[in-house]
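K.L.:
I am sharing model_5.csv, which consists of CSV, C-alpha atoms and all ligand atoms:
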chain,number,residue,atom,x,y,z
A,414,SER,CA,0.0,0.0,0.0
A,415,SER,CA,1.1,3.6,-0.5
A,416,VAL,CA,0.0,7.0,0.9
A,417,LEU,CA,0.4,10.5,-0.4
A,418,GLY,CA,1.5,12.8,2.5
A,419,ILE,CA,1.0,16.5,2.6
A,420,GLU,CA,2.7,18.9,5.1
A,421,THR,CA,2.1,22.6,5.4
A,422,SER,CA,2.1,23.3,9.2
A,423,CYS,CA,4.9,25.9,9.2
A,424,ASP,CA,7.3,27.2,6.5
A,425,GLU,CA,7.9,24.0,4.4
A,426,THR,CA,5.5,23.1,1.6
A,427,ALA,CA,5.9,19.4,1.2
A,428,ALA,CA,4.4,16.3,-0.4
A,429,SER,CA,5.7,12.7,-0.5
A,430,VAL,CA,4.6,9.2,-1.5
A,431,VAL,CA,5.7,6.4,0.8
A,432,ALA,CA,4.9,2.8,0.2
A,433,ARG,CA,4.8,-0.1,2.7
A,434,GLY,CA,5.7,-3.6,1.7
A,435,PRO,CA,4.3,-6.9,3.1
A,436,ASP,CA,7.3,-7.0,5.5
A,437,GLY,CA,5.9,-3.8,7.1
A,438,LYS,CA,8.9,-1.7,6.0
A,439,GLY,CA,8.4,1.7,4.5
A,440,LYS,CA,10.0,3.0,1.3
A,441,ILE,CA,10.1,6.7,0.3
A,442,LEU,CA,9.1,6.9,-3.3
A,443,SER,CA,9.3,10.6,-3.5
A,444,ASN,CA,10.0,13.5,-1.1
A,445,ALA,CA,9.3,17.0,-2.5
A,446,VAL,CA,10.0,20.0,-0.2
A,447,PHE,CA,9.7,23.6,-1.0
A,448,SER,CA,11.4,25.6,1.8
A,449,GLN,CA,10.1,29.2,2.2
A,450,ILE,CA,13.3,30.3,3.9
A,451,ALA,CA,13.9,33.0,1.3
A,452,GLU,CA,10.4,34.5,2.0
A,453,HIS,CA,11.0,34.8,5.7
A,454,SER,CA,14.7,35.4,6.2
A,455,ALA,CA,14.4,39.2,5.9
A,456,PHE,CA,12.1,39.1,9.0
A,457,GLY,CA,14.3,36.7,11.0
A,458,GLY,CA,11.5,34.3,11.5
A,459,VAL,CA,8.3,32.8,10.0
A,460,VAL,CA,5.6,35.4,9.2
A,461,PRO,CA,2.3,33.4,9.3
A,462,GLU,CA,0.4,35.4,6.6
A,463,ILE,CA,3.3,35.1,4.2
A,464,ALA,CA,3.7,31.4,4.9
A,465,ALA,CA,0.0,30.7,4.3
A,466,ARG,CA,0.1,32.5,0.9
A,467,ALA,CA,3.3,30.8,-0.1
A,468,HIS,CA,1.7,27.4,0.6
A,469,VAL,CA,-1.3,28.3,-1.6
A,470,GLU,CA,1.1,29.1,-4.4
A,471,ALA,CA,3.4,26.1,-4.1
A,472,LEU,CA,1.3,23.2,-2.9
A,473,ASP,CA,-0.3,22.1,-6.2
A,474,GLY,CA,3.1,22.0,-7.9
A,475,ILE,CA,4.7,20.2,-5.0
A,476,ILE,CA,2.0,17.5,-5.0
A,477,ALA,CA,2.3,17.0,-8.7
A,478,ALA,CA,6.1,16.7,-8.4
A,479,ALA,CA,5.7,14.1,-5.5
A,480,LEU,CA,3.3,12.0,-7.6
A,481,ALA,CA,5.5,12.3,-10.8
A,482,ASP,CA,8.7,11.4,-8.9
A,483,ALA,CA,7.0,8.4,-7.4
A,484,ASP,CA,5.6,7.5,-10.9
A,485,LYS,CA,2.1,7.4,-9.4
A,486,ARG,CA,-1.2,9.0,-10.3
A,487,LEU,CA,-3.5,10.1,-7.5
A,488,CYS,CA,-5.8,7.1,-8.0
A,489,ASP,CA,-2.8,4.7,-7.5
A,490,VAL,CA,-2.4,5.6,-3.8
A,491,ASP,CA,-4.5,4.1,-1.0
A,492,ALA,CA,-5.0,7.2,1.1
A,493,ILE,CA,-4.0,10.8,1.6
A,494,ALA,CA,-2.4,11.8,4.9
A,495,VAL,CA,-2.2,15.5,5.8
A,496,THR,CA,-0.8,17.3,8.8
A,497,SER,CA,-3.8,18.6,10.7
A,498,GLY,CA,-1.9,20.1,13.7
A,499,PRO,CA,-0.2,21.5,15.6
A,500,GLY,CA,1.0,24.5,13.6
A,501,LEU,CA,0.0,27.8,12.2
A,502,ILE,CA,-3.7,27.7,11.6
A,503,GLY,CA,-3.7,29.5,8.2
A,504,CYS,CA,-0.9,27.2,7.0
A,505,LEU,CA,-2.6,24.0,8.3
A,506,LEU,CA,-5.9,25.0,6.6
A,507,VAL,CA,-4.2,25.2,3.2
A,508,GLY,CA,-3.0,21.6,3.5
A,509,VAL,CA,-6.2,20.3,5.0
A,510,THR,CA,-8.4,22.0,2.5
A,511,THR,CA,-6.4,20.8,-0.5
A,512,ALA,CA,-6.1,17.2,0.9
A,513,ARG,CA,-9.9,17.1,1.5
A,514,ALA,CA,-10.6,18.2,-2.0
A,515,LEU,CA,-8.2,15.7,-3.5
A,516,ALA,CA,-9.6,12.9,-1.4
A,517,ALA,CA,-13.1,13.7,-2.4
A,518,ALA,CA,-12.2,13.9,-6.0
A,519,ALA,CA,-10.3,10.6,-6.1
A,520,GLY,CA,-12.6,8.8,-3.6
A,521,LEU,CA,-9.7,8.2,-1.2
A,522,PRO,CA,-9.6,7.9,2.6
A,523,LEU,CA,-8.3,11.0,4.3
A,524,LEU,CA,-6.1,10.8,7.5
A,525,GLY,CA,-5.4,13.8,9.8
A,526,ILE,CA,-1.9,13.4,11.2
A,527,ASN,CA,-0.3,15.0,14.2
A,528,HIS,CA,2.9,16.7,12.9
A,529,LEU,CA,4.8,15.6,16.1
A,530,GLU,CA,3.8,12.0,15.5
A,531,GLY,CA,5.4,12.4,12.1
A,532,HIS,CA,8.7,13.4,13.7
A,533,ALA,CA,8.3,10.7,16.4
A,534,LEU,CA,7.8,7.8,14.0
A,535,THR,CA,10.4,8.8,11.4
A,536,PRO,CA,13.1,6.5,13.0
A,537,VAL,CA,10.7,3.5,12.4
A,538,LEU,CA,10.7,4.4,8.7
A,539,THR,CA,14.5,5.0,8.4
A,540,ASP,CA,15.9,2.4,10.8
A,541,ASP,CA,15.0,-0.9,12.4
A,542,VAL,CA,14.0,0.4,15.8
A,543,ALA,CA,11.9,-1.6,18.2
A,544,PHE,CA,9.4,-0.2,20.8
A,545,PRO,CA,9.7,1.0,23.5
A,546,TYR,CA,12.2,3.8,22.6
A,547,LEU,CA,13.0,7.0,24.3
A,548,LEU,CA,12.4,9.9,21.9
A,549,LEU,CA,14.0,13.4,22.3
A,550,LEU,CA,12.0,15.6,20.1
A,551,VAL,CA,13.8,18.9,19.5
A,552,SER,CA,12.3,21.2,16.9
A,553,GLY,CA,11.5,24.8,16.3
A,554,GLY,CA,8.4,24.7,18.4
A,555,HIS,CA,8.9,21.7,20.7
A,556,THR,CA,11.4,20.2,23.1
A,557,GLN,CA,10.2,17.0,24.8
A,558,LEU,CA,11.3,13.7,26.1
A,559,VAL,CA,8.7,11.1,25.1
A,560,ALA,CA,8.3,7.4,25.8
A,561,VAL,CA,7.2,5.8,22.5
A,562,GLU,CA,5.6,2.6,23.6
A,563,GLY,CA,4.0,1.7,20.3
A,564,TYR,CA,2.3,3.2,17.4
A,565,GLY,CA,-0.1,5.8,18.9
A,566,ARG,CA,1.2,5.2,22.4
A,567,TYR,CA,3.2,8.2,23.6
A,568,ARG,CA,3.9,9.3,27.1
A,569,ARG,CA,5.6,12.7,27.8
A,570,LEU,CA,8.3,12.5,30.4
A,571,GLY,CA,9.4,16.1,30.3
A,572,SER,CA,9.2,19.3,28.2
A,573,THR,CA,10.7,22.7,28.0
A,574,ILE,CA,9.3,25.2,30.5
A,575,ASP,CA,10.1,28.2,28.3
A,576,ASP,CA,11.8,28.2,24.8
A,577,ALA,CA,12.0,25.3,22.4
A,578,LEU,CA,15.6,24.4,21.6
A,579,GLY,CA,15.2,25.3,17.9
A,580,GLU,CA,13.7,28.6,19.0
A,581,ALA,CA,16.7,29.2,21.3
A,582,PHE,CA,19.1,28.6,18.4
A,583,ASP,CA,17.1,30.9,16.1
A,584,LYS,CA,17.0,33.7,18.7
A,585,THR,CA,20.7,33.4,19.5
A,586,ALA,CA,21.5,33.6,15.8
A,587,LYS,CA,19.3,36.7,15.4
A,588,LEU,CA,21.0,38.4,18.4
A,589,LEU,CA,24.4,37.7,16.8
A,590,GLY,CA,23.3,39.0,13.4
A,591,LEU,CA,23.4,35.6,11.8
A,592,GLY,CA,20.8,34.4,9.2
A,593,TYR,CA,17.6,32.4,9.6
A,594,PRO,CA,17.0,29.6,10.3
A,595,GLY,CA,19.6,30.0,13.1
A,596,GLY,CA,20.5,26.4,13.9
A,597,PRO,CA,22.7,25.7,10.9
A,598,GLU,CA,24.4,29.1,11.2
A,599,VAL,CA,25.2,28.8,14.9
A,600,GLU,CA,26.5,25.2,14.2
A,601,LYS,CA,28.8,26.5,11.4
A,602,ARG,CA,30.2,29.3,13.6
A,603,ALA,CA,30.6,27.1,16.6
A,604,LEU,CA,32.9,24.8,14.7
A,605,ARG,CA,35.5,27.6,14.5
A,606,GLY,CA,35.0,28.9,18.1
A,607,ASP,CA,36.4,28.2,21.5
A,608,PRO,CA,33.6,26.7,23.7
A,609,ASN,CA,35.5,27.5,26.9
A,610,ARG,CA,35.9,31.3,26.5
A,611,PHE,CA,32.5,32.1,27.9
A,612,ASN,CA,31.1,30.6,31.0
A,613,LEU,CA,27.4,30.1,30.2
A,614,PRO,CA,24.8,28.7,32.6
A,615,ARG,CA,23.1,25.4,32.2
A,616,PRO,CA,19.5,25.9,33.5
A,617,LEU,CA,17.9,23.0,35.5
A,618,PHE,CA,21.2,21.0,35.3
A,619,GLY,CA,21.3,18.5,38.1
A,620,THR,CA,17.7,19.0,39.1
A,621,LYS,CA,15.2,16.1,39.3
A,622,GLY,CA,13.0,15.2,36.4
A,623,CYS,CA,13.2,15.6,32.6
A,624,ASP,CA,12.1,19.2,32.0
A,625,PHE,CA,14.2,21.7,30.0
A,626,SER,CA,14.8,25.4,30.2
A,627,PHE,CA,16.8,27.6,27.8
A,628,SER,CA,15.7,31.2,28.4
A,629,GLY,CA,18.4,31.7,31.1
A,630,LEU,CA,21.1,30.5,28.7
A,631,LYS,CA,19.8,32.9,26.0
A,632,THR,CA,19.7,35.8,28.4
A,633,ALA,CA,23.2,35.1,29.7
A,634,LEU,CA,24.5,35.0,26.2
A,635,ARG,CA,22.8,38.3,25.3
A,636,ILE,CA,24.5,40.0,28.4
A,637,LYS,CA,27.9,38.7,27.4
A,638,ALA,CA,27.4,39.8,23.8
A,639,GLU,CA,26.2,43.3,24.7
A,640,ALA,CA,29.3,43.8,26.8
A,641,LEU,CA,31.5,43.1,23.8
A,642,VAL,CA,29.8,45.3,21.1
A,643,PRO,CA,31.0,45.7,18.4
A,644,LEU,CA,31.4,42.0,18.1
A,645,SER,CA,34.4,40.6,16.2
A,646,GLU,CA,34.0,37.5,14.0
A,647,LYS,CA,36.0,35.7,16.7
A,648,ASP,CA,33.6,36.8,19.4
A,649,VAL,CA,30.6,35.5,17.4
A,650,ASP,CA,32.4,32.1,16.8
A,651,ASP,CA,33.2,31.8,20.5
A,652,LEU,CA,29.7,32.7,21.7
A,653,CYS,CA,28.2,30.2,19.3
A,654,ALA,CA,30.7,27.5,20.5
A,655,GLY,CA,29.9,28.3,24.1
A,656,PHE,CA,26.1,28.2,23.4
A,657,GLN,CA,26.3,24.9,21.5
A,658,ALA,CA,28.5,23.3,24.2
A,659,ALA,CA,26.0,24.4,26.9
A,660,VAL,CA,23.1,23.0,24.9
A,661,ALA,CA,24.8,19.7,24.3
A,662,ALA,CA,25.5,19.3,28.0
A,663,ILE,CA,22.0,20.3,29.0
A,664,VAL,CA,20.3,17.9,26.5
A,665,SER,CA,22.6,15.1,27.5
A,666,GLU,CA,22.1,15.5,31.2
A,667,ARG,CA,18.3,15.7,30.9
A,668,THR,CA,18.2,12.7,28.6
A,669,ALA,CA,20.3,10.7,31.0
A,670,HIS,CA,17.5,11.2,33.6
A,671,ALA,CA,14.9,9.9,31.2
A,672,LEU,CA,17.1,6.9,30.3
A,673,ARG,CA,16.9,5.7,33.9
A,674,VAL,CA,13.0,5.8,34.0
A,675,GLN,CA,12.6,2.3,32.4
A,676,PRO,CA,14.5,-0.1,30.1
A,677,TRP,CA,14.6,1.1,26.4
A,678,ASN,CA,15.4,-0.5,23.1
A,679,ALA,CA,16.9,2.7,21.7
A,680,LEU,CA,17.5,6.4,22.2
A,681,VAL,CA,16.0,8.3,19.3
A,682,VAL,CA,16.4,12.0,18.4
A,683,ALA,CA,14.0,13.7,15.9
A,684,GLY,CA,13.0,17.2,14.9
A,685,GLY,CA,15.0,20.0,13.2
A,686,VAL,CA,17.7,20.3,15.9
A,687,ALA,CA,18.4,16.6,15.5
A,688,ALA,CA,20.4,17.7,12.5
A,689,ASN,CA,23.0,19.3,14.9
A,690,GLN,CA,26.2,17.3,15.1
A,691,ALA,CA,27.2,18.4,18.6
A,692,VAL,CA,23.7,17.3,19.9
A,693,ARG,CA,23.9,14.0,18.0
A,694,SER,CA,27.4,13.1,19.3
A,695,ALA,CA,26.4,13.9,22.9
A,696,LEU,CA,23.4,11.7,22.6
A,697,SER,CA,25.3,8.9,20.8
A,698,GLU,CA,27.8,8.8,23.6
A,699,LEU,CA,25.0,8.6,26.2
A,700,ALA,CA,23.3,5.7,24.4
A,701,ASP,CA,26.7,3.9,24.1
A,702,LYS,CA,27.2,4.2,27.9
A,703,ALA,CA,23.7,2.9,28.5
A,704,GLY,CA,24.3,0.0,26.1
A,705,ILE,CA,21.4,0.8,23.8
A,706,ALA,CA,21.1,1.7,20.1
A,707,PHE,CA,21.2,5.4,19.1
A,708,VAL,CA,19.1,6.4,16.1
A,709,ALA,CA,19.0,9.7,14.3
A,710,PRO,CA,17.3,10.1,11.0
A,711,ARG,CA,19.3,11.7,8.2
A,712,SER,CA,19.0,15.4,8.4
A,713,ASP,CA,16.6,16.1,5.5
A,714,LEU,CA,14.2,13.7,7.4
A,715,CYS,CA,14.8,15.6,10.7
A,716,THR,CA,13.5,18.9,9.4
A,717,ASP,CA,9.9,19.2,8.2
A,718,ASN,CA,8.9,16.9,5.3
A,719,ALA,CA,5.9,15.0,4.1
A,720,ALA,CA,7.5,11.6,4.0
A,721,MET,CA,7.0,11.4,7.8
A,722,ILE,CA,3.4,12.4,7.4
A,723,ALA,CA,2.8,9.7,4.7
A,724,TRP,CA,4.6,7.2,6.9
A,725,ALA,CA,2.4,8.0,10.0
A,726,GLY,CA,-0.6,7.6,7.7
A,727,LEU,CA,0.6,4.2,6.6
A,728,MET,CA,1.1,3.1,10.2
A,729,ARG,CA,-2.4,4.3,11.0
A,730,LEU,CA,-3.9,2.4,8.0
A,731,GLY,CA,-1.9,-0.7,9.2
A,732,ALA,CA,-3.4,-0.4,12.7
A,733,GLY,CA,-6.8,-0.5,11.0
A,734,GLU,CA,-7.9,2.7,12.7
A,735,ALA,CA,-11.2,4.2,11.9
A,736,LEU,CA,-10.9,7.0,9.4
A,737,GLU,CA,-12.3,10.0,11.0
A,738,ASP,CA,-13.1,13.3,9.6
A,739,ILE,CA,-10.4,15.9,10.1
A,740,VAL,CA,-10.2,19.5,11.2
A,741,ALA,CA,-7.1,21.7,11.6
A,742,ARG,CA,-5.9,22.0,15.2
A,743,PRO,CA,-3.3,24.8,16.0
A,744,ARG,CA,-2.6,23.1,19.4
A,745,TRP,CA,-2.4,19.3,19.7
A,746,PRO,CA,-0.1,17.7,22.2
A,747,LEU,CA,1.4,14.4,21.0
A,748,ASP,CA,0.2,12.5,24.1
A,749,GLN,CA,-3.4,13.5,23.7
A,750,ALA,CA,-5.8,11.9,21.3
A,751,ALA,CA,-7.6,14.4,19.0
A,752,GLU,CA,-10.6,15.7,20.9
A,753,PRO,CA,-14.0,14.4,19.7
A,754,LEU,CA,-15.1,16.5,16.8
A,755,LEU,CA,-18.2,18.7,17.1
A,756,GLY,CA,-19.9,18.3,13.8
A,757,SER,CA,-18.4,17.4,10.5
A,758,GLY,CA,-15.8,19.6,8.8
A,759,ARG,CA,-16.4,18.0,5.4
B,1,LIG,P1,7.6,21.9,15.2
B,1,LIG,O1,8.1,20.6,14.6
B,1,LIG,O2,7.9,22.0,16.7
B,1,LIG,O3,6.3,22.3,14.8
B,1,LIG,P2,9.2,23.2,13.2
B,1,LIG,O4,8.5,22.3,12.3
B,1,LIG,O5,9.3,24.6,12.8
B,1,LIG,O6,8.6,23.1,14.6
B,1,LIG,P3,11.5,21.8,12.5
B,1,LIG,O7,11.4,22.1,11.0
B,1,LIG,O8,11.4,20.4,12.9
B,1,LIG,O9,10.6,22.7,13.4
B,1,LIG,O10,12.9,22.3,12.9
B,1,LIG,C1,13.3,23.6,12.6
B,1,LIG,C2,14.3,24.1,13.7
B,1,LIG,O11,15.4,23.3,13.7
B,1,LIG,C3,14.7,25.5,13.6
B,1,LIG,O12,14.6,26.2,14.8
B,1,LIG,C4,16.2,25.4,13.2
B,1,LIG,O13,17.0,26.5,13.7
B,1,LIG,C5,16.6,24.1,13.9
B,1,LIG,N1,17.7,23.5,13.2
B,1,LIG,C6,17.8,23.0,11.9
B,1,LIG,N2,19.1,22.6,11.7
B,1,LIG,C7,19.8,22.8,12.9
B,1,LIG,C8,21.2,22.5,13.2
B,1,LIG,N3,22.0,22.0,12.4
B,1,LIG,N4,21.5,22.8,14.5
B,1,LIG,C9,20.6,23.3,15.4
B,1,LIG,N5,19.3,23.6,15.1
B,1,LIG,C10,18.9,23.3,13.8
B,2,MG,MG,10.4,24.6,9.3
B,3,FE,FE,8.5,20.1,12.6
Kindly present the structure from the file in structure tokens form.
P.N.:
Amino acid sequence: SSVLGIETSCDETAASVVARGPDGKGKILSNAVFSQIAEHSAFGGVVPEIAARAHVEALDGIIAAALADADKRLCDVDAIAVTSGPGLIGCLLVGVTTARALAAAAGLPLLGINHLEGHALTPVLTDDVAFPYLLLLVSGGHTQLVAVEGYGRYRRLGSTIDDALGEAFDKTAKLLGLGYPGGPEVEKRALRGDPNRFNLPRPLFGTKGCDFSFSGLKTALRIKAEALVPLSEKDVDDLCAGFQAAVAAIVSERTAHALRVQPWNALVVAGGVAANQAVRSALSELADKAGIAFVAPRSDLCTDNAAMIAWAGLMRLGAGEALEDIVARPRWPLDQAAEPLLGSGR
């Protein structure tokens, strides 16, 4: 069976066809992504209205490209899966409305997928990973440690109490005059910097539980940077290196707590920040010490894409779940089932 996935929750317009063989393994037949970075970079962040408009303009072409790359027509797939939350409401509505129209026209089942579930299940698509696994979800809007006990069975062990980690990278980059998105820029500069020049705090380090906090780190970095104005290239490199070293230490220490909660088959990292090499190597070391596998999807499957949405749709089809009508939900925690729908959206 195969599913067409559609993703428009934020600033990537994406469509993908993923197939699932009799062995249960997934195969990405196409993965088309149009990133709106150019549209938003002048503003140093995503502008919701611009994003929604850009989705309207790009989505039809991206879906056509995904079908063509996969050598499929719409009537060849078994269902359409679309991100129905969480995300920017105007953006979600573009994807949901388009998916609903295509499903009605082709007589296909329509599945509303939680974007976070897409990130959470990506490692099952890319690697042979067995449940239960410990998931560190680190993206632009979320930072959570989640017990993934099976398909559809997620238990949150901890979350950020302030900024998401991707957001902390983006704000730090903006403060230092680097481009958007900030994560890759900060990582590049950190490679050249001295991580020990600045002594930056590690909020919640050593405390009980699995929650995160990054706002104190961000503020401390701002104070150090302001004292140095005008910043030299070397100052920026060293601030990025110090920031990234603090982040890797925090993430590693918090994840170590979660590793002790129960036995796990693997430690898995997902979401855009999972593309960061310093974060990856800290986690890999941790998993080695715990004697479990470490799984990180390749970086184009860490950031937003529709293959993860198609794959979550395939898992849902495989689980034989009732196909419900869908509505766009700007807020939708991973460990909460979609609330019962009042009336039909179709
Ligand atoms: P969410 O998934 O929570 O809705 P999102 O979809 O915007 O948010 P993703 O696309 O998963 O988030 O990730 C984007 C984030 O990842 C951005 O904040 C970006 O700075 C960060 N990021 C991307 N590459 C790197 C990197 N190499 N190092 C650190 N952060 C990175
Ligand atoms: Mg994005
Ligand atoms: Fe995402």
K.L.:
Looking at A:Asp624, A:Asp541, A:Asp701, A:Glu420, which one is nearest to ligand LIG 1 (chain B), with distances taken over only C-alpha atoms and all ligand atoms?
P.N.:
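Of the candidates, the smallest distance to ligand LIG 1 (chain B) is held by A:Glu420.
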K.L.:
Could I get the residue neighbourhood of ligand LIG 1 (chain B) at 7 Å, counting all atoms listed in the file, as a PyMOL selection string?
P.N.:
chain A and resi 423+499-500+528-529+552-555+579-580+582-583+594-597+600+684-690+715-717
K.L.:
Tell me, in Å to one decimal, how far atom CA of Gly439 of chain A is from atom CA of Leu727 of chain A.
P.N.:
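About the pair atom CA of Gly439 of chain A and atom CA of Leu727 of chain A: they are 8.5 Å apart.
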K.L.:
Within 10 Å of Asp482 of chain A, counting all atoms listed in the file, which residues qualify if same-chain residues fewer than 2 places away don't, as a list in words?
P.N.:
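My reading of the contact set: Ser429, Val430, Leu442, Ser443, Asn444, Ala445, Ile476, Ala477, Ala478, Ala479, Leu480, Asp484 and Lys485 of chain A.
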K.L.:
Skip Ile722 of chain A itself and residues of its chain fewer than 2 positions away, then list as a list in words all residues within 9 Å of it, counting only C-alpha atoms.
P.N.:
Leu417, Gly418, Ile419, Glu420, Ala428, Ser429, Ala494, Val495, Thr496, Ile526, Asn527, His528, Glu530, Gly531, His532, Thr535, Asn718, Ala719, Ala720, Trp724, Ala725, Gly726 and Leu727 of chain A
K.L.:
Find, counting only C-alpha atoms and all ligand atoms, the residue in A:Leu652, A:Ala638, A:Ala683, A:Leu672 that gets nearest to ligand FE 3 (chain B).
P.N.:
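Answer, going by the shortest atom-to-atom distance: A:Ala683.
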K.L.:
Go ahead and find all residues with at least one atom no further than 7 Å from (13.5, 6.4, 22.5) in the file's coordinates, using all atoms listed in the file; report them as a list of chain:residue names.
P.N.:
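Residues found, by chain and rising number: A:Pro545, A:Tyr546, A:Leu547, A:Leu548, A:Ala560, A:Val561, A:Trp677, A:Ala679, A:Leu680, A:Val681.
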K.L.:
Between A:Leu524, A:Leu641, A:Glu462, A:Leu501, which residue has the minimum interatomic distance to ligand FE 3 (chain B), considering all atoms listed in the file?
P.N.:
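Checking each of A:Leu524, A:Leu641, A:Glu462, A:Leu501 against ligand FE 3 (chain B), counting all atoms listed in the file, the winner is A:Leu501.
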K.L.:
For atom CA of Leu747 of chain A and atom CA of Val551 of chain A, quote the distance in Å rounded to one decimal.
P.N.:
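Here the two named atoms are 13.3 Å from each other.
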K.L.:
Using Å and a single decimal, report how far atom CA of Val537 of chain A sits from atom CA of Arg433 of chain A.
P.N.:
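So the answer is 11.9 Å.
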K.L.:
So, counting all atoms listed in the file, which residue among A:Phe544, A:Tyr593, A:Phe707, A:Phe625 is closest to Ala455 of chain A?
P.N.:
A:Tyr593
K.L.:
So which one's closest to Gly498 of chain A, A:Val599, A:Gly525, A:Val542, A:Val416? Using all atoms listed in the file, please.
P.N.:
A:Gly525
K.L.:
So which residues fall inside 6 Å of (3.9, 20.8, -2.5) if we count all atoms listed in the file? Mind giving them as a PyMOL selection string?
P.N.:
chain A and resi 426-428+471-476
K.L.:
For each of A:Val469, A:Val507, A:Val459, A:Ala516, take the minimum atom-to-atom distance to Cys488 of chain A, counting only C-alpha atoms, then give the residue where this is smallest.
P.N.:
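Looking at the shortest contact to Cys488 of chain A, the residue is A:Ala516.
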